[in-house]
file protein26.cif (mmCIF, C-alpha atoms)
data_protein
loop_
_atom_site.group_PDB
_atom_site.id
_atom_site.type_symbol
_atom_site.label_atom_id
_atom_site.label_comp_id
_atom_site.auth_asym_id
_atom_site.auth_seq_id
_atom_site.Cartn_x
_atom_site.Cartn_y
_atom_site.Cartn_z
ATOM 1 C CA MET A 139 -11.090 47.140 -12.928
ATOM 2 C CA ASN A 140 -9.032 43.964 -12.480
ATOM 3 C CA ASP A 141 -9.422 40.605 -14.162
ATOM 4 C CA LEU A 142 -8.609 38.555 -11.062
ATOM 5 C CA ILE A 143 -8.161 39.008 -7.343
ATOM 6 C CA ILE A 144 -6.683 36.225 -5.199
ATOM 7 C CA ILE A 145 -7.320 36.237 -1.457
ATOM 8 C CA GLY A 146 -4.614 34.320 0.397
ATOM 9 C CA SER A 147 -0.888 33.701 0.021
ATOM 10 C CA GLY A 148 -0.246 30.103 1.019
ATOM 11 C CA PRO A 149 0.655 27.379 -1.504
ATOM 12 C CA ALA A 150 -2.850 27.502 -3.029
ATOM 13 C CA GLY A 151 -3.028 31.263 -3.471
ATOM 14 C CA LEU A 152 0.520 31.661 -4.761
ATOM 15 C CA THR A 153 0.271 28.749 -7.200
ATOM 16 C CA ALA A 154 -2.932 30.295 -8.500
ATOM 17 C CA ALA A 155 -1.088 33.609 -8.805
ATOM 18 C CA ILE A 156 1.764 32.031 -10.779
ATOM 19 C CA TYR A 157 -0.603 30.368 -13.242
ATOM 20 C CA ALA A 158 -2.829 33.427 -13.570
ATOM 21 C CA ALA A 159 0.108 35.784 -14.018
ATOM 22 C CA ARG A 160 1.606 33.598 -16.751
ATOM 23 C CA ALA A 161 -1.809 33.720 -18.453
ATOM 24 C CA ASN A 162 -1.464 37.523 -18.455
ATOM 25 C CA LEU A 163 -4.392 38.046 -16.043
ATOM 26 C CA LYS A 164 -2.276 40.408 -13.883
ATOM 27 C CA PRO A 165 -3.760 39.150 -10.611
ATOM 28 C CA ILE A 166 -3.751 41.111 -7.381
ATOM 29 C CA VAL A 167 -2.907 38.879 -4.417
ATOM 30 C CA PHE A 168 -4.084 39.982 -0.992
ATOM 31 C CA ALA A 169 -1.422 38.226 1.045
ATOM 32 C CA GLY A 170 -2.579 39.491 4.422
ATOM 33 C CA LEU A 171 -0.473 40.921 7.207
ATOM 34 C CA GLU A 172 0.601 37.372 8.125
ATOM 35 C CA PHE A 173 1.482 36.097 4.669
ATOM 36 C CA GLY A 174 2.630 32.703 3.441
ATOM 37 C CA GLY A 175 0.181 30.374 5.153
ATOM 38 C CA GLN A 176 0.978 27.604 7.612
ATOM 39 C CA LEU A 177 4.362 26.819 6.050
ATOM 40 C CA MET A 178 5.704 30.063 7.499
ATOM 41 C CA GLY A 179 5.613 28.310 10.873
ATOM 42 C CA THR A 180 7.518 25.204 9.783
ATOM 43 C CA THR A 181 11.193 24.420 9.458
ATOM 44 C CA LEU A 182 12.447 21.880 6.916
ATOM 45 C CA VAL A 183 9.907 20.684 4.323
ATOM 46 C CA GLU A 184 11.091 17.375 2.899
ATOM 47 C CA ASN A 185 8.018 16.223 0.961
ATOM 48 C CA PHE A 186 7.532 19.051 -1.546
ATOM 49 C CA PRO A 187 8.608 17.667 -4.946
ATOM 50 C CA GLY A 188 11.793 18.972 -6.503
ATOM 51 C CA PHE A 189 13.816 19.659 -3.358
ATOM 52 C CA ILE A 190 16.048 16.645 -2.804
ATOM 53 C CA ASP A 191 17.471 17.901 0.487
ATOM 54 C CA GLY A 192 14.281 19.650 1.558
ATOM 55 C CA ILE A 193 13.622 23.375 1.867
ATOM 56 C CA ASP A 194 12.677 25.617 4.773
ATOM 57 C CA GLY A 195 8.973 26.433 4.732
ATOM 58 C CA PRO A 196 9.427 30.234 4.822
ATOM 59 C CA VAL A 197 12.019 30.047 2.016
ATOM 60 C CA LEU A 198 9.634 27.988 -0.135
ATOM 61 C CA MET A 199 6.846 30.528 0.332
ATOM 62 C CA GLN A 200 9.125 33.506 -0.343
ATOM 63 C CA ASN A 201 10.327 31.798 -3.534
ATOM 64 C CA MET A 202 6.734 31.265 -4.652
ATOM 65 C CA MET A 203 5.951 34.926 -3.997
ATOM 66 C CA LYS A 204 8.952 36.046 -6.038
ATOM 67 C CA GLN A 205 7.965 33.690 -8.847
ATOM 68 C CA ALA A 206 4.412 35.088 -8.919
ATOM 69 C CA GLU A 207 5.746 38.659 -8.967
ATOM 70 C CA LYS A 208 8.214 37.788 -11.731
ATOM 71 C CA TYR A 209 5.334 36.951 -14.056
ATOM 72 C CA GLY A 210 3.264 40.005 -13.192
ATOM 73 C CA ALA A 211 1.280 39.320 -10.034
ATOM 74 C CA LYS A 212 0.903 42.253 -7.677
ATOM 75 C CA ILE A 213 1.056 41.368 -3.985
ATOM 76 C CA GLU A 214 -0.662 43.535 -1.392
ATOM 77 C CA TYR A 215 0.274 42.899 2.236
ATOM 78 C CA THR A 216 -3.075 43.784 3.734
ATOM 79 C CA ASN A 217 -6.088 41.923 5.097
ATOM 80 C CA VAL A 218 -9.388 41.695 3.261
ATOM 81 C CA GLU A 219 -12.153 43.222 5.373
ATOM 82 C CA SER A 220 -15.287 42.457 3.361
ATOM 83 C CA VAL A 221 -16.438 41.001 0.049
ATOM 84 C CA GLU A 222 -19.431 41.297 -2.285
ATOM 85 C CA PHE A 223 -19.924 38.515 -4.819
ATOM 86 C CA ASN A 224 -23.581 38.677 -5.881
ATOM 87 C CA THR A 225 -22.977 40.935 -8.891
ATOM 88 C CA PRO A 226 -21.012 40.346 -12.116
ATOM 89 C CA ILE A 227 -18.315 42.706 -10.843
ATOM 90 C CA LYS A 228 -16.934 41.421 -7.552
ATOM 91 C CA LYS A 229 -16.017 43.918 -4.860
ATOM 92 C CA ILE A 230 -13.281 43.500 -2.265
ATOM 93 C CA VAL A 231 -12.527 45.932 0.555
ATOM 94 C CA ALA A 232 -8.974 45.709 1.885
ATOM 95 C CA GLY A 233 -7.092 48.259 3.920
ATOM 96 C CA GLY A 234 -10.118 50.548 3.742
ATOM 97 C CA LYS A 235 -9.988 50.657 -0.065
ATOM 98 C CA GLU A 236 -12.417 49.055 -2.533
ATOM 99 C CA TYR A 237 -11.105 46.870 -5.362
ATOM 100 C CA GLN A 238 -13.124 45.433 -8.227
ATOM 101 C CA ALA A 239 -12.543 42.327 -10.318
ATOM 102 C CA ARG A 240 -14.306 40.092 -12.791
ATOM 103 C CA ALA A 241 -13.183 36.961 -10.942
ATOM 104 C CA VAL A 242 -11.957 36.030 -7.468
ATOM 105 C CA ILE A 243 -10.049 33.031 -6.102
ATOM 106 C CA ILE A 244 -10.408 32.377 -2.374
ATOM 107 C CA ALA A 245 -7.383 30.644 -0.858
ATOM 108 C CA THR A 246 -7.501 31.827 2.740
ATOM 109 C CA GLY A 247 -6.521 28.426 4.146
ATOM 110 C CA ALA A 248 -7.132 27.073 7.626
ATOM 111 C CA SER A 249 -5.447 27.547 10.958
ATOM 112 C CA ALA A 250 -4.504 24.612 13.150
ATOM 113 C CA ARG A 251 -6.365 24.656 16.415
ATOM 114 C CA LYS A 252 -3.879 25.260 19.217
ATOM 115 C CA LEU A 253 -3.817 24.860 22.976
ATOM 116 C CA GLY A 254 -3.356 28.586 23.496
ATOM 117 C CA ILE A 255 -0.572 28.396 26.073
ATOM 118 C CA GLU A 256 2.504 30.631 26.001
ATOM 119 C CA SER A 257 5.072 27.823 25.941
ATOM 120 C CA GLU A 258 3.354 26.275 22.911
ATOM 121 C CA ALA A 259 4.161 29.382 20.868
ATOM 122 C CA LYS A 260 7.711 29.471 22.268
ATOM 123 C CA TYR A 261 8.501 25.999 20.911
ATOM 124 C CA TRP A 262 6.443 26.179 17.730
ATOM 125 C CA GLY A 263 8.498 24.569 14.959
ATOM 126 C CA ARG A 264 11.069 23.453 17.535
ATOM 127 C CA GLY A 265 9.293 20.398 18.846
ATOM 128 C CA VAL A 266 5.675 21.514 18.577
ATOM 129 C CA SER A 267 3.920 20.750 15.296
ATOM 130 C CA THR A 268 0.511 20.034 13.780
ATOM 131 C CA CYS A 269 1.588 17.898 10.816
ATOM 132 C CA ALA A 270 2.965 14.393 11.290
ATOM 133 C CA THR A 271 3.248 13.911 7.531
ATOM 134 C CA CYS A 272 5.449 17.002 7.366
ATOM 135 C CA ASP A 273 7.592 16.527 10.471
ATOM 136 C CA GLY A 274 7.265 12.926 11.637
ATOM 137 C CA ALA A 275 10.523 11.803 10.006
ATOM 138 C CA PHE A 276 12.485 14.176 12.261
ATOM 139 C CA TYR A 277 11.640 11.962 15.247
ATOM 140 C CA LYS A 278 13.309 8.709 14.271
ATOM 141 C CA GLU A 279 13.880 6.608 17.414
ATOM 142 C CA LYS A 280 12.577 9.445 19.602
ATOM 143 C CA VAL A 281 9.652 9.799 22.002
ATOM 144 C CA VAL A 282 6.667 11.842 20.847
ATOM 145 C CA ALA A 283 3.281 12.914 22.230
ATOM 146 C CA VAL A 284 0.146 13.392 20.144
ATOM 147 C CA VAL A 285 -2.671 15.468 21.638
ATOM 148 C CA GLY A 286 -6.219 14.561 20.636
ATOM 149 C CA GLY A 287 -8.779 11.777 20.685
ATOM 150 C CA GLY A 288 -10.397 11.811 17.268
ATOM 151 C CA ASP A 289 -9.676 10.022 14.003
ATOM 152 C CA SER A 290 -7.114 12.611 12.939
ATOM 153 C CA ALA A 291 -5.188 12.207 16.208
ATOM 154 C CA ILE A 292 -5.068 8.448 15.756
ATOM 155 C CA GLU A 293 -3.956 8.852 12.146
ATOM 156 C CA GLU A 294 -1.176 11.177 13.279
ATOM 157 C CA ALA A 295 -0.077 8.856 16.073
ATOM 158 C CA THR A 296 -0.122 5.819 13.793
ATOM 159 C CA PHE A 297 1.929 7.603 11.153
ATOM 160 C CA ILE A 298 4.551 8.749 13.660
ATOM 161 C CA THR A 299 5.074 5.167 14.894
ATOM 162 C CA ARG A 300 6.889 4.574 11.599
ATOM 163 C CA PHE A 301 9.687 6.701 13.008
ATOM 164 C CA ALA A 302 9.361 7.220 16.759
ATOM 165 C CA SER A 303 10.320 4.605 19.333
ATOM 166 C CA LYS A 304 7.360 5.560 21.536
ATOM 167 C CA VAL A 305 4.180 7.600 21.042
ATOM 168 C CA TYR A 306 1.988 8.879 23.877
ATOM 169 C CA LEU A 307 -1.591 9.739 22.919
ATOM 170 C CA ILE A 308 -2.842 12.395 25.346
ATOM 171 C CA VAL A 309 -6.640 12.375 25.645
ATOM 172 C CA ARG A 310 -8.693 14.854 27.681
ATOM 173 C CA ARG A 311 -11.461 12.394 28.474
ATOM 174 C CA ASP A 312 -11.663 8.751 29.529
ATOM 175 C CA GLU A 313 -12.624 7.632 26.034
ATOM 176 C CA LEU A 314 -11.699 8.276 22.420
ATOM 177 C CA ARG A 315 -13.944 10.157 19.998
ATOM 178 C CA ALA A 316 -12.509 8.237 17.047
ATOM 179 C CA SER A 317 -14.390 5.602 15.063
ATOM 180 C CA GLN A 318 -14.283 2.103 16.513
ATOM 181 C CA ILE A 319 -12.018 0.726 13.797
ATOM 182 C CA MET A 320 -9.497 3.498 14.506
ATOM 183 C CA GLN A 321 -9.718 2.867 18.253
ATOM 184 C CA ASP A 322 -9.023 -0.824 17.759
ATOM 185 C CA LYS A 323 -6.077 0.039 15.538
ATOM 186 C CA ILE A 324 -4.373 2.374 17.991
ATOM 187 C CA LYS A 325 -4.971 0.173 21.033
ATOM 188 C CA ALA A 326 -3.328 -2.737 19.219
ATOM 189 C CA ASN A 327 -0.213 -0.729 18.349
ATOM 190 C CA PRO A 328 2.596 -1.713 20.749
ATOM 191 C CA LYS A 329 4.378 1.613 20.293
ATOM 192 C CA VAL A 330 1.409 3.673 21.507
ATOM 193 C CA GLU A 331 0.432 4.362 25.113
ATOM 194 C CA ILE A 332 -2.775 6.286 25.822
ATOM 195 C CA ILE A 333 -2.758 8.777 28.699
ATOM 196 C CA TRP A 334 -6.366 9.357 29.722
ATOM 197 C CA ASN A 335 -8.084 12.349 31.390
ATOM 198 C CA SER A 336 -5.070 14.562 30.761
ATOM 199 C CA GLU A 337 -4.320 18.015 29.370
ATOM 200 C CA VAL A 338 -1.054 19.704 28.459
ATOM 201 C CA LYS A 339 -0.546 22.643 30.789
ATOM 202 C CA GLU A 340 2.964 23.611 29.714
ATOM 203 C CA VAL A 341 5.547 22.691 27.094
ATOM 204 C CA LEU A 342 8.978 22.336 28.670
ATOM 205 C CA GLY A 343 12.375 22.586 27.011
ATOM 206 C CA ASP A 344 15.929 23.861 27.138
ATOM 207 C CA GLY A 345 15.062 27.093 25.359
ATOM 208 C CA LYS A 346 15.790 25.584 21.973
ATOM 209 C CA LEU A 347 13.957 22.250 21.782
ATOM 210 C CA VAL A 348 11.134 20.480 23.616
ATOM 211 C CA ASN A 349 12.157 17.886 26.220
ATOM 212 C CA ALA A 350 9.017 17.383 28.343
ATOM 213 C CA LEU A 351 5.350 18.231 28.896
ATOM 214 C CA LYS A 352 3.606 19.232 32.108
ATOM 215 C CA LEU A 353 0.305 17.331 32.275
ATOM 216 C CA PHE A 354 -2.754 17.756 34.471
ATOM 217 C CA ASN A 355 -4.815 14.648 35.181
ATOM 218 C CA SER A 356 -8.422 15.640 35.907
ATOM 219 C CA SER A 357 -9.445 12.308 37.424
ATOM 220 C CA GLU A 358 -6.545 12.229 39.885
ATOM 221 C CA ASN A 359 -6.326 16.030 40.252
ATOM 222 C CA ASN A 360 -2.552 16.118 39.988
ATOM 223 C CA GLU A 361 0.245 17.289 37.722
ATOM 224 C CA SER A 362 3.121 15.299 36.285
ATOM 225 C CA GLU A 363 5.990 15.618 33.815
ATOM 226 C CA LEU A 364 6.198 13.502 30.688
ATOM 227 C CA LYS A 365 9.589 13.251 28.981
ATOM 228 C CA VAL A 366 9.174 13.668 25.205
ATOM 229 C CA ASP A 367 11.164 14.994 22.264
ATOM 230 C CA GLY A 368 8.184 16.524 20.493
ATOM 231 C CA MET A 369 4.452 17.214 20.609
ATOM 232 C CA PHE A 370 1.968 17.020 17.736
ATOM 233 C CA LEU A 371 -1.410 18.726 18.043
ATOM 234 C CA ALA A 372 -4.331 16.938 16.416
ATOM 235 C CA ILE A 373 -7.264 18.824 17.878
ATOM 236 C CA GLY A 374 -8.674 20.103 14.620
ATOM 237 C CA HIS A 375 -8.364 22.995 12.190
ATOM 238 C CA ILE A 376 -10.316 26.224 11.857
ATOM 239 C CA PRO A 377 -11.000 27.281 8.242
ATOM 240 C CA ASN A 378 -10.399 30.979 7.677
ATOM 241 C CA THR A 379 -13.895 31.756 6.421
ATOM 242 C CA LYS A 380 -15.216 34.349 8.854
ATOM 243 C CA ILE A 381 -15.581 37.098 6.236
ATOM 244 C CA PHE A 382 -17.543 34.748 3.955
ATOM 245 C CA GLN A 383 -20.227 33.827 6.496
ATOM 246 C CA GLY A 384 -23.672 34.636 5.125
ATOM 247 C CA ILE A 385 -22.202 35.147 1.653
ATOM 248 C CA LEU A 386 -20.923 31.741 0.545
ATOM 249 C CA ASP A 387 -22.100 28.248 1.490
ATOM 250 C CA LEU A 388 -20.216 26.729 4.434
ATOM 251 C CA ASP A 389 -20.456 23.262 5.924
ATOM 252 C CA GLU A 390 -21.065 22.573 9.621
ATOM 253 C CA GLU A 391 -17.381 23.097 10.447
ATOM 254 C CA GLY A 392 -17.040 26.297 8.440
ATOM 255 C CA TYR A 393 -15.298 24.934 5.333
ATOM 256 C CA LEU A 394 -16.335 26.421 1.990
ATOM 257 C CA ILE A 395 -18.612 24.231 -0.114
ATOM 258 C CA VAL A 396 -17.757 23.992 -3.800
ATOM 259 C CA LYS A 397 -19.158 22.348 -6.905
ATOM 260 C CA ASP A 398 -17.230 21.114 -9.947
ATOM 261 C CA ASN A 399 -13.896 21.146 -8.087
ATOM 262 C CA THR A 400 -13.353 24.869 -7.450
ATOM 263 C CA LYS A 401 -16.561 26.720 -8.312
ATOM 264 C CA THR A 402 -18.867 28.354 -5.761
ATOM 265 C CA LYS A 403 -22.527 29.294 -6.144
ATOM 266 C CA TYR A 404 -21.433 32.613 -7.669
ATOM 267 C CA GLU A 405 -20.061 32.639 -11.191
ATOM 268 C CA GLY A 406 -16.519 33.918 -11.212
ATOM 269 C CA VAL A 407 -15.773 33.018 -7.593
ATOM 270 C CA PHE A 408 -13.447 30.049 -7.106
ATOM 271 C CA VAL A 409 -11.930 28.267 -4.108
ATOM 272 C CA ALA A 410 -8.637 26.438 -3.531
ATOM 273 C CA GLY A 411 -6.669 24.850 -0.726
ATOM 274 C CA ASP A 412 -7.285 24.155 2.946
ATOM 275 C CA VAL A 413 -10.199 26.571 3.131
ATOM 276 C CA LYS A 414 -12.206 23.799 1.493
ATOM 277 C CA ASP A 415 -10.018 20.734 2.114
ATOM 278 C CA ARG A 416 -10.655 18.910 5.382
ATOM 279 C CA SER A 417 -8.968 15.665 4.312
ATOM 280 C CA TYR A 418 -5.425 16.138 2.995
ATOM 281 C CA ARG A 419 -4.153 19.552 4.171
ATOM 282 C CA GLN A 420 -0.778 19.264 2.439
ATOM 283 C CA ALA A 421 1.195 21.988 0.689
ATOM 284 C CA ILE A 422 1.290 19.979 -2.522
ATOM 285 C CA THR A 423 -2.479 19.328 -2.588
ATOM 286 C CA ALA A 424 -3.162 22.999 -1.860
ATOM 287 C CA ALA A 425 -0.822 23.990 -4.694
ATOM 288 C CA GLY A 426 -2.602 21.579 -7.035
ATOM 289 C CA MET A 427 -5.967 23.103 -6.165
ATOM 290 C CA GLY A 428 -4.515 26.559 -6.703
ATOM 291 C CA CYS A 429 -3.559 25.496 -10.217
ATOM 292 C CA MET A 430 -7.084 24.157 -10.808
ATOM 293 C CA ALA A 431 -8.719 27.367 -9.577
ATOM 294 C CA ALA A 432 -6.479 29.506 -11.771
ATOM 295 C CA LEU A 433 -7.304 27.428 -14.853
ATOM 296 C CA ASP A 434 -11.019 27.615 -14.045
ATOM 297 C CA ALA A 435 -10.759 31.388 -13.595
ATOM 298 C CA GLU A 436 -8.854 31.729 -16.874
ATOM 299 C CA ARG A 437 -11.546 29.783 -18.735
ATOM 300 C CA PHE A 438 -14.287 31.835 -17.088
ATOM 301 C CA LEU A 439 -12.626 35.098 -18.088
ATOM 302 C CA GLY A 440 -12.187 33.852 -21.644
#
call {"tool": "encode", "arguments": {"input": "protein26.cif", "output": "structure tokens"}}
result
Amino acid sequence: MNDLIIIGSGPAGLTAAIYAARANLKPIVFAGLEFGGQLMGTTLVENFPGFIDGIDGPVLMQNMMKQAEKYGAKIEYTNVESVEFNTPIKKIVAGGKEYQARAVIIATGASARKLGIESEAKYWGRGVSTCATCDGAFYKEKVVAVVGGGDSAIEEATFITRFASKVYLIVRRDELRASQIMQDKIKANPKVEIIWNSEVKEVLGDGKLVNALKLFNSSENNESELKVDGMFLAIGHIPNTKIFQGILDLDEEGYLIVKDNTKTKYEGVFVAGDVKDRSYRQAITAAGMGCMAALDAERFLG
């Protein structure tokens, strides 16, 4: 019998583990086979407080894991296969083995929706990104493309214009899905050019960094090359909630629904980070929610 199990090992899960371990709850963290969350796919993180010169995303996550272990957290590098929350003792099956706990924190995060092309993976973190807030400053006086037509794409493109000399907004259709006020905003921005009816077919580069995109225009039925220094994807996120379907309450996009900040409909089951956050999706906000969930779990366990 364990006091606390934490599912997930991004900033939310590991912050929760640090707080819970220091409270002597001896948490077990199911980090998964691909541990560390989205920051494992980034390079320099310059906006996490305390690191004046920035820190590499993987290094930050490895440091957080070591810190959690230092205070007594046990990290299991295996995926959770199923959960049972409707009894006072929660049951988790991971790696074919059943674990029991009085409380659980879910911090499984979300995955950025990707194009699914081979060259995208090749240049991930080397010109291909999903977070303008994280990486936009690297493109000062450079040319950047943003893929997407919704509010989030326009927010990303607008943010990057603070740094980039030119921003191309690549839209699959002949219209934007964004709200009218956002459409008016982006169309009035002199740094932004919208490329309609177009999809990215290939990310081109010199083997190290992105230098162009191959586009297909559906209305003209032709391909072209667009010279850019980077590409930001803003085509949505997919919350990692598949194993909780039919067990916990999810909204229409699959994000976990909570009440009173971190609590779910089951006593003793708490949620933190991007698995419930559709608005901010930052390492620091996820870490803050991890802290909140750990404190709520500590109070619940008494």
call {"tool": "residues_near_point", "arguments": {"input": "protein26.cif", "point": "(13.8, 16.1, 28.1)", "cutoff": "6 Å", "atoms": "all atoms listed in the file", "output": "MDAnalysis selection string"}}
result
chainID A and resid 349:350 365:366
call {"tool": "closest_atom_pairs", "arguments": {"input": "protein26.cif", "of": "segment 334-417 of chain A", "to": "segment 237-255 of chain A", "cutoff": "6 Å", "atoms": "only C-alpha atoms", "output": "JSON lines"}}
result
{"residue": "A:Gly374", "atom": "CA", "partner": "A:Arg251", "partner_atom": "CA", "distance": 5.4}
{"residue": "A:His375", "atom": "CA", "partner": "A:Ala250", "partner_atom": "CA", "distance": 4.3}
{"residue": "A:Ile376", "atom": "CA", "partner": "A:Ser249", "partner_atom": "CA", "distance": 5.1}
{"residue": "A:Pro377", "atom": "CA", "partner": "A:Ala248", "partner_atom": "CA", "distance": 3.9}
{"residue": "A:Asn378", "atom": "CA", "partner": "A:Ala248", "partner_atom": "CA", "distance": 5.1}
{"residue": "A:Gly406", "atom": "CA", "partner": "A:Ala241", "partner_atom": "CA", "distance": 4.5}
{"residue": "A:Val407", "atom": "CA", "partner": "A:Val242", "partner_atom": "CA", "distance": 4.9}
{"residue": "A:Phe408", "atom": "CA", "partner": "A:Ile243", "partner_atom": "CA", "distance": 4.6}
{"residue": "A:Val409", "atom": "CA", "partner": "A:Ile244", "partner_atom": "CA", "distance": 4.7}
{"residue": "A:Ala410", "atom": "CA", "partner": "A:Ala245", "partner_atom": "CA", "distance": 5.1}
{"residue": "A:Gly411", "atom": "CA", "partner": "A:Ala245", "partner_atom": "CA", "distance": 5.8}
{"residue": "A:Asp412", "atom": "CA", "partner": "A:Gly247", "partner_atom": "CA", "distance": 4.5}
{"residue": "A:Val413", "atom": "CA", "partner": "A:Gly247", "partner_atom": "CA", "distance": 4.2}
call {"tool": "residues_around", "arguments": {"input": "protein26.cif", "residues": "Lys414 of chain A", "least_positions_apart": "6", "cutoff": "7 Å", "atoms": "only C-alpha atoms", "output": "list of chain:residue names"}}
result
A:Tyr393, A:Leu394, A:Ile395
call {"tool": "residues_around", "arguments": {"input": "protein26.cif", "residues": "segment 262-279 of chain A", "least_positions_apart": "5", "cutoff": "7 Å", "atoms": "all atoms listed in the file", "output": "ChimeraX atom specification"}}
result
/A:179-181,183,185,250,294,297-298,301-303,346-348,367-372
call {"tool": "residues_around", "arguments": {"input": "protein26.cif", "residues": "Lys339 of chain A", "least_positions_apart": "2", "cutoff": "7 Å", "atoms": "only C-alpha atoms", "output": "list in words"}}
result
Glu337, Lys352, Leu353 and Phe354 of chain A
call {"tool": "residues_around", "arguments": {"input": "protein26.cif", "residues": "Glu313 of chain A", "least_positions_apart": "3", "cutoff": "10 Å", "atoms": "only C-alpha atoms", "output": "NGL selection string"}}
result
:A and (287-288 or 309-310 or 316 or 321 or 332 or 334-335)
call {"tool": "write_last_selection", "arguments": {"input": "protein26.cif", "atoms": "C-alpha atoms", "output": "PDB file, in the coordinates of the input"}}
result
ATOM      1  CA  GLY A 287      -8.779  11.777  20.685  1.00  0.00           C
ATOM      2  CA  GLY A 288     -10.397  11.811  17.268  1.00  0.00           C
ATOM      3  CA  VAL A 309      -6.640  12.375  25.645  1.00  0.00           C
ATOM      4  CA  ARG A 310      -8.693  14.854  27.681  1.00  0.00           C
ATOM      5  CA  ALA A 316     -12.509   8.237  17.047  1.00  0.00           C
ATOM      6  CA  GLN A 321      -9.718   2.867  18.253  1.00  0.00           C
ATOM      7  CA  ILE A 332      -2.775   6.286  25.822  1.00  0.00           C
ATOM      8  CA  TRP A 334      -6.366   9.357  29.722  1.00  0.00           C
ATOM      9  CA  ASN A 335      -8.084  12.349  31.390  1.00  0.00           C
TER      10      ASN A 335
END
call {"tool": "closest_residue", "arguments": {"input": "protein26.cif", "among": "A:Lys235, A:Ser417, A:Met202, A:Asp194", "to": "Ala150 of chain A", "atoms": "only C-alpha atoms"}}
result
A:Met202
call {"tool": "resolve_selection", "arguments": {"input": "protein26.cif", "expression": "the PyMOL selection byres ((chain A and resi 215) around 10)", "output": "CSV table (one decimal) with C-alpha atoms, in the frame of the given file"}}
result
chain,number,residue,atom,x,y,z
A,147,SER,CA,-0.9,33.7,0.0
A,167,VAL,CA,-2.9,38.9,-4.4
A,168,PHE,CA,-4.1,40.0,-1.0
A,169,ALA,CA,-1.4,38.2,1.0
A,170,GLY,CA,-2.6,39.5,4.4
A,171,LEU,CA,-0.5,40.9,7.2
A,172,GLU,CA,0.6,37.4,8.1
A,173,PHE,CA,1.5,36.1,4.7
A,212,LYS,CA,0.9,42.3,-7.7
A,213,ILE,CA,1.1,41.4,-4.0
A,214,GLU,CA,-0.7,43.5,-1.4
A,216,THR,CA,-3.1,43.8,3.7
A,217,ASN,CA,-6.1,41.9,5.1
A,218,VAL,CA,-9.4,41.7,3.3
A,232,ALA,CA,-9.0,45.7,1.9
A,233,GLY,CA,-7.1,48.3,3.9
